[in-house]
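**Student:** Just dropping this structure here.
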Amino acid sequence: METRSAIGLILMLGILGNAAATETAPTPAAPASEVAVPSLNLPATRAPVIGGDVSTGAAQRSASAGYELSGAGIGSASTPEQGAILTNAGRGKPIRFQNGIFVYPAASLAVGHNDNVGGTDTNETSSKIVILRPEVVAEMKRSGDRYTLSYAGNFGRYTSSTDDNFRHHDIWLAGDNYFTTRARLGWGVGYQWRSDARGSTDRVNTSDSPDEWRAPVARLIAIYGATGARGRLELESSWMQKRYTNNRINTRTSDVDMHMVAGRFFFRVMPKTSMLFEARNTWSDYISPASTSDNSYRKLLVGATWDMTAKTTGVLKLGRASKDYDAKNRRDPSGGTWEAGISWAPLTYSVVNLQTAQDIADSSSGANNYYIDNRSYTVSWDHKWASYVTSNVNAGVVRSEYNGIIRDDTTKNYGVGFYRELGYNFRAGINWNRTKRDSNVNGLDFKRDVFMLTLEAVL
């Protein structure tokens, strides 16, 4: 593992010492680990996403409880930083200090009902739920560079299922450094306290409480290339150390160290269209001696990015993925893969987003001799009906084919929400989300409806 980390660091330092590539710095959307496109029952986290699920990818997220509140508002409450590499964005108006630091506080409160907290086929537990999400971003700019320290929490309380109460924390310290008009660097380190909702993994869960875990994370992106240059070169490395803290009889084989190294080259073929070539490798080292899931996961991708008109932007990547397990008795899967995200704005106040991806994921137990072929498809529509009224409609499906055991799941997600601005500082909303999983294994089917009334506040 030390050798791999050294290789990743050498690659990053090498790109800074030489030079080469880009039009505008990308806003990060991928977590530190190798994951598929998120399903729609969980709100999208503002970039940069830190960590994420490192086991089952979309399959796990598609079945989770849908209780996370997001900091991404629609309308005046959201003011994302343009051109950020790995720094986070503040919302609303900042508190300004004389030393040049700006602080953006915000909070969200939700009251709702979950009719199947545990995600079970029978004996469903329904409960009211109250969720509080405080968040704060501290920002400092120096000589064209930008630094942020951010915190976001999610605290949930079930009135009829207190064992499922959760406390989630995300801390992220990041910097975007611009050395020349060609060379720039984004870096970030953070820490996560999270839990896996009951029924959201393929681990055997004999406990009435969610599996809790903690993870330090780090990410580095080096970019070379002037704005408007013909070519752009990116090198990226990330690291995550995930450790479970409870229910150890079932979670001890899920502790994992992950390290990713990627290289990308963009070649501009038209003013707003570039060809993309990418190589990415993720090493997963499971800590338990009982685990047979240590592996190297490689992706080779070719595609394009475009911003042809004010109406259509997107990225499409096709290629081949292969997973090589250290255990000699395990099958090493390989095959075609894809990643795509397309945004279409037929009107200035109406946007349709489409995302799809294919991934080969480990079992969430870390010790079973099987892997999962996940294929996810999601579509969402955001529309502003008036200057103060917006809506979101979304739908998605995740198809999970288990190889090594007899199991296939199809998880569908639907959601609709309406939001009203209450002046500049507040936004109220109402939303409904349904998750429905169909499996060929008896007892794994379930349906969940979650209703929420929300209130967001910024300065």
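Labels used: A, B, ... for chains in the order of the structure tokens, numbers from 1 for residues in each chain, and numbers from 1 for ligands as shown.
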Which residues are close to stretch 294-302 of chain A, i.e. within 6 Å by only C-alpha atoms, leaving aside same-chain residues fewer than 2 positions away? Reply as number ranges by chain.

**Tutor:** A: 276-286, 292, 317-326

**Student:** If you run DSSP on this backbone, which residues of stretch 183-351 of chain A come out as helix (DSSP H, G or I), and could you give them as a PyMOL selection string?

**Tutor:** chain A and resi 248-254

**Student:** Based on the selection just made, write all heavy atoms of those residues as a PDB file, in the first residue's frame.

**Tutor:**
```pdb
ATOM      1  N   ARG A 248     -19.731  -5.102  15.302  1.00  0.00           N
ATOM      2  CA  ARG A 248     -18.481  -5.602  14.729  1.00  0.00           C
ATOM      3  C   ARG A 248     -18.559  -7.058  14.283  1.00  0.00           C
ATOM      4  O   ARG A 248     -17.781  -7.470  13.418  1.00  0.00           O
ATOM      5  CB  ARG A 248     -17.347  -5.433  15.733  1.00  0.00           C
ATOM      6  CG  ARG A 248     -17.025  -3.973  16.053  1.00  0.00           C
ATOM      7  CD  ARG A 248     -16.588  -3.243  14.795  1.00  0.00           C
ATOM      8  NE  ARG A 248     -15.256  -3.670  14.363  1.00  0.00           N
ATOM      9  CZ  ARG A 248     -14.734  -3.388  13.172  1.00  0.00           C
ATOM     10  NH1 ARG A 248     -15.430  -2.697  12.281  1.00  0.00           N
ATOM     11  NH2 ARG A 248     -13.520  -3.799  12.868  1.00  0.00           N
ATOM     12  N   ILE A 249     -19.459  -7.819  14.818  1.00  0.00           N
ATOM     13  CA  ILE A 249     -19.556  -9.204  14.371  1.00  0.00           C
ATOM     14  C   ILE A 249     -19.899  -9.295  12.895  1.00  0.00           C
ATOM     15  O   ILE A 249     -19.527 -10.242  12.203  1.00  0.00           O
ATOM     16  CB  ILE A 249     -20.593  -9.981  15.223  1.00  0.00           C
ATOM     17  CG1 ILE A 249     -20.498 -11.484  14.932  1.00  0.00           C
ATOM     18  CG2 ILE A 249     -22.005  -9.455  14.959  1.00  0.00           C
ATOM     19  CD1 ILE A 249     -21.335 -12.328  15.869  1.00  0.00           C
ATOM     20  N   ASN A 250     -20.589  -8.257  12.370  1.00  0.00           N
ATOM     21  CA  ASN A 250     -20.977  -8.243  10.961  1.00  0.00           C
ATOM     22  C   ASN A 250     -20.197  -7.235  10.129  1.00  0.00           C
ATOM     23  O   ASN A 250     -20.133  -7.361   8.905  1.00  0.00           O
ATOM     24  CB  ASN A 250     -22.472  -7.928  10.835  1.00  0.00           C
ATOM     25  CG  ASN A 250     -23.348  -8.979  11.488  1.00  0.00           C
ATOM     26  OD1 ASN A 250     -23.096 -10.175  11.360  1.00  0.00           O
ATOM     27  ND2 ASN A 250     -24.361  -8.531  12.224  1.00  0.00           N
ATOM     28  N   THR A 251     -19.614  -6.219  10.764  1.00  0.00           N
ATOM     29  CA  THR A 251     -18.958  -5.152   9.993  1.00  0.00           C
ATOM     30  C   THR A 251     -17.441  -5.254   9.955  1.00  0.00           C
ATOM     31  O   THR A 251     -16.804  -4.497   9.219  1.00  0.00           O
ATOM     32  CB  THR A 251     -19.331  -3.769  10.578  1.00  0.00           C
ATOM     33  OG1 THR A 251     -18.865  -3.684  11.932  1.00  0.00           O
ATOM     34  CG2 THR A 251     -20.834  -3.554  10.539  1.00  0.00           C
ATOM     35  N   ARG A 252     -16.841  -6.170  10.707  1.00  0.00           N
ATOM     36  CA  ARG A 252     -15.375  -6.191  10.782  1.00  0.00           C
ATOM     37  C   ARG A 252     -14.724  -6.485   9.446  1.00  0.00           C
ATOM     38  O   ARG A 252     -13.613  -6.026   9.180  1.00  0.00           O
ATOM     39  CB  ARG A 252     -14.920  -7.220  11.820  1.00  0.00           C
ATOM     40  CG  ARG A 252     -15.346  -8.656  11.519  1.00  0.00           C
ATOM     41  CD  ARG A 252     -14.995  -9.600  12.654  1.00  0.00           C
ATOM     42  NE  ARG A 252     -15.392 -10.961  12.357  1.00  0.00           N
ATOM     43  CZ  ARG A 252     -14.636 -11.822  11.685  1.00  0.00           C
ATOM     44  NH1 ARG A 252     -13.435 -11.433  11.249  1.00  0.00           N
ATOM     45  NH2 ARG A 252     -15.054 -13.033  11.424  1.00  0.00           N
ATOM     46  N   THR A 253     -15.401  -7.211   8.568  1.00  0.00           N
ATOM     47  CA  THR A 253     -14.814  -7.499   7.255  1.00  0.00           C
ATOM     48  C   THR A 253     -15.059  -6.385   6.239  1.00  0.00           C
ATOM     49  O   THR A 253     -14.635  -6.491   5.089  1.00  0.00           O
ATOM     50  CB  THR A 253     -15.374  -8.818   6.689  1.00  0.00           C
ATOM     51  OG1 THR A 253     -16.802  -8.762   6.683  1.00  0.00           O
ATOM     52  CG2 THR A 253     -14.911 -10.001   7.519  1.00  0.00           C
ATOM     53  N   SER A 254     -15.731  -5.305   6.664  1.00  0.00           N
ATOM     54  CA  SER A 254     -16.004  -4.189   5.753  1.00  0.00           C
ATOM     55  C   SER A 254     -14.997  -3.051   5.900  1.00  0.00           C
ATOM     56  O   SER A 254     -15.024  -2.106   5.106  1.00  0.00           O
ATOM     57  CB  SER A 254     -17.418  -3.648   5.982  1.00  0.00           C
ATOM     58  OG  SER A 254     -18.389  -4.636   5.697  1.00  0.00           O
TER      59      SER A 254
END
```

**Student:** Using only C-alpha atoms, determine which residues lie at most 9 Å from A:Ala357, disregarding the query and same-chain residues fewer than 5 positions distant; provide the list as a VMD selection string.

**Tutor:** chain A and resid 36 to 37 337 to 341 374 to 377

**Student:** Name all residues at most 6 Å from A:Gly186 (count only C-alpha atoms; drop same-chain ones fewer than 3 positions away) and give them as a ChimeraX atom specification.

**Tutor:** /A:85-86,175-176,220-221

**Student:** Output all heavy atoms of each residue in that selection to a file, as a CSV table (one decimal), in the first residue's frame.

**Tutor:**
```
chain,number,residue,atom,x,y,z
A,85,ILE,N,-12.0,24.1,-7.8
A,85,ILE,CA,-11.5,22.8,-8.0
A,85,ILE,C,-11.9,21.8,-6.9
A,85,ILE,O,-12.7,20.9,-7.1
A,85,ILE,CB,-9.9,22.8,-8.2
A,85,ILE,CG1,-9.5,23.8,-9.2
A,85,ILE,CG2,-9.4,21.5,-8.5
A,85,ILE,CD1,-8.0,24.0,-9.3
A,86,LEU,N,-11.4,22.1,-5.7
A,86,LEU,CA,-11.8,21.2,-4.6
A,86,LEU,C,-12.3,22.0,-3.4
A,86,LEU,O,-12.6,21.5,-2.3
A,86,LEU,CB,-10.6,20.3,-4.1
A,86,LEU,CG,-10.4,19.1,-5.0
A,86,LEU,CD1,-9.2,18.3,-4.5
A,86,LEU,CD2,-11.6,18.3,-5.2
A,175,GLY,N,-8.0,23.6,-0.6
A,175,GLY,CA,-7.4,24.8,-1.2
A,175,GLY,C,-7.3,24.6,-2.7
A,175,GLY,O,-7.2,23.5,-3.2
A,176,ASP,N,-7.5,25.8,-3.4
A,176,ASP,CA,-7.3,25.8,-4.9
A,176,ASP,C,-6.2,26.8,-5.1
A,176,ASP,O,-6.3,28.0,-4.8
A,176,ASP,CB,-8.6,26.3,-5.6
A,176,ASP,CG,-9.8,25.4,-5.4
A,176,ASP,OD1,-9.5,24.2,-5.3
A,176,ASP,OD2,-10.9,25.8,-5.5
A,220,LEU,N,-6.4,15.0,-4.3
A,220,LEU,CA,-5.5,15.9,-4.9
A,220,LEU,C,-5.7,15.9,-6.4
A,220,LEU,O,-5.8,14.8,-7.0
A,220,LEU,CB,-4.0,15.5,-4.6
A,220,LEU,CG,-2.9,16.5,-5.0
A,220,LEU,CD1,-2.9,17.7,-4.1
A,220,LEU,CD2,-1.6,15.7,-4.8
A,221,ILE,N,-5.9,17.1,-7.0
A,221,ILE,CA,-6.0,17.2,-8.5
A,221,ILE,C,-5.0,18.2,-9.0
A,221,ILE,O,-5.0,19.4,-8.6
A,221,ILE,CB,-7.5,17.6,-8.9
A,221,ILE,CG1,-8.5,16.6,-8.4
A,221,ILE,CG2,-7.6,17.8,-10.4
A,221,ILE,CD1,-9.9,17.0,-8.7
```

**Student:** Residues of stretch 127-239 of chain A classed as strand (DSSP E) by DSSP on the backbone are to be reported as number ranges by chain.

**Tutor:** A: 127-142, 145-158, 166-178, 183-196, 211-224, 231-239

**Student:** Which polymer residues have any atom within 8 Å of an atom of stretch 236-246 of chain A, counting only C-alpha atoms, with same-chain residues fewer than 2 positions away left out, as a PyMOL selection string?

**Tutor:** chain A and resi 8-9+12+32-33+51+211-222+234+248+251-252+254-263

**Student:** Please, what distance in Å, to one decimal, runs between atom CA of A:Met275 and atom CA of A:Arg230?

**Tutor:**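 Atom CA of A:Met275 sits 10.5 Å away from atom CA of A:Arg230.
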
**Student:** What's the separation between atom CA of A:Asn369 and atom CA of A:Ser288, in Å to one decimal place?

**Tutor:**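 Atom CA of A:Ser288 lies 14.4 Å from atom CA of A:Asn369.
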
**Student:** Between A:Thr313, A:Asn394, A:Pro94, A:Val379, which residue has the minimum interatomic distance to A:Pro346, considering only C-alpha atoms?

**Tutor:** A:Thr313
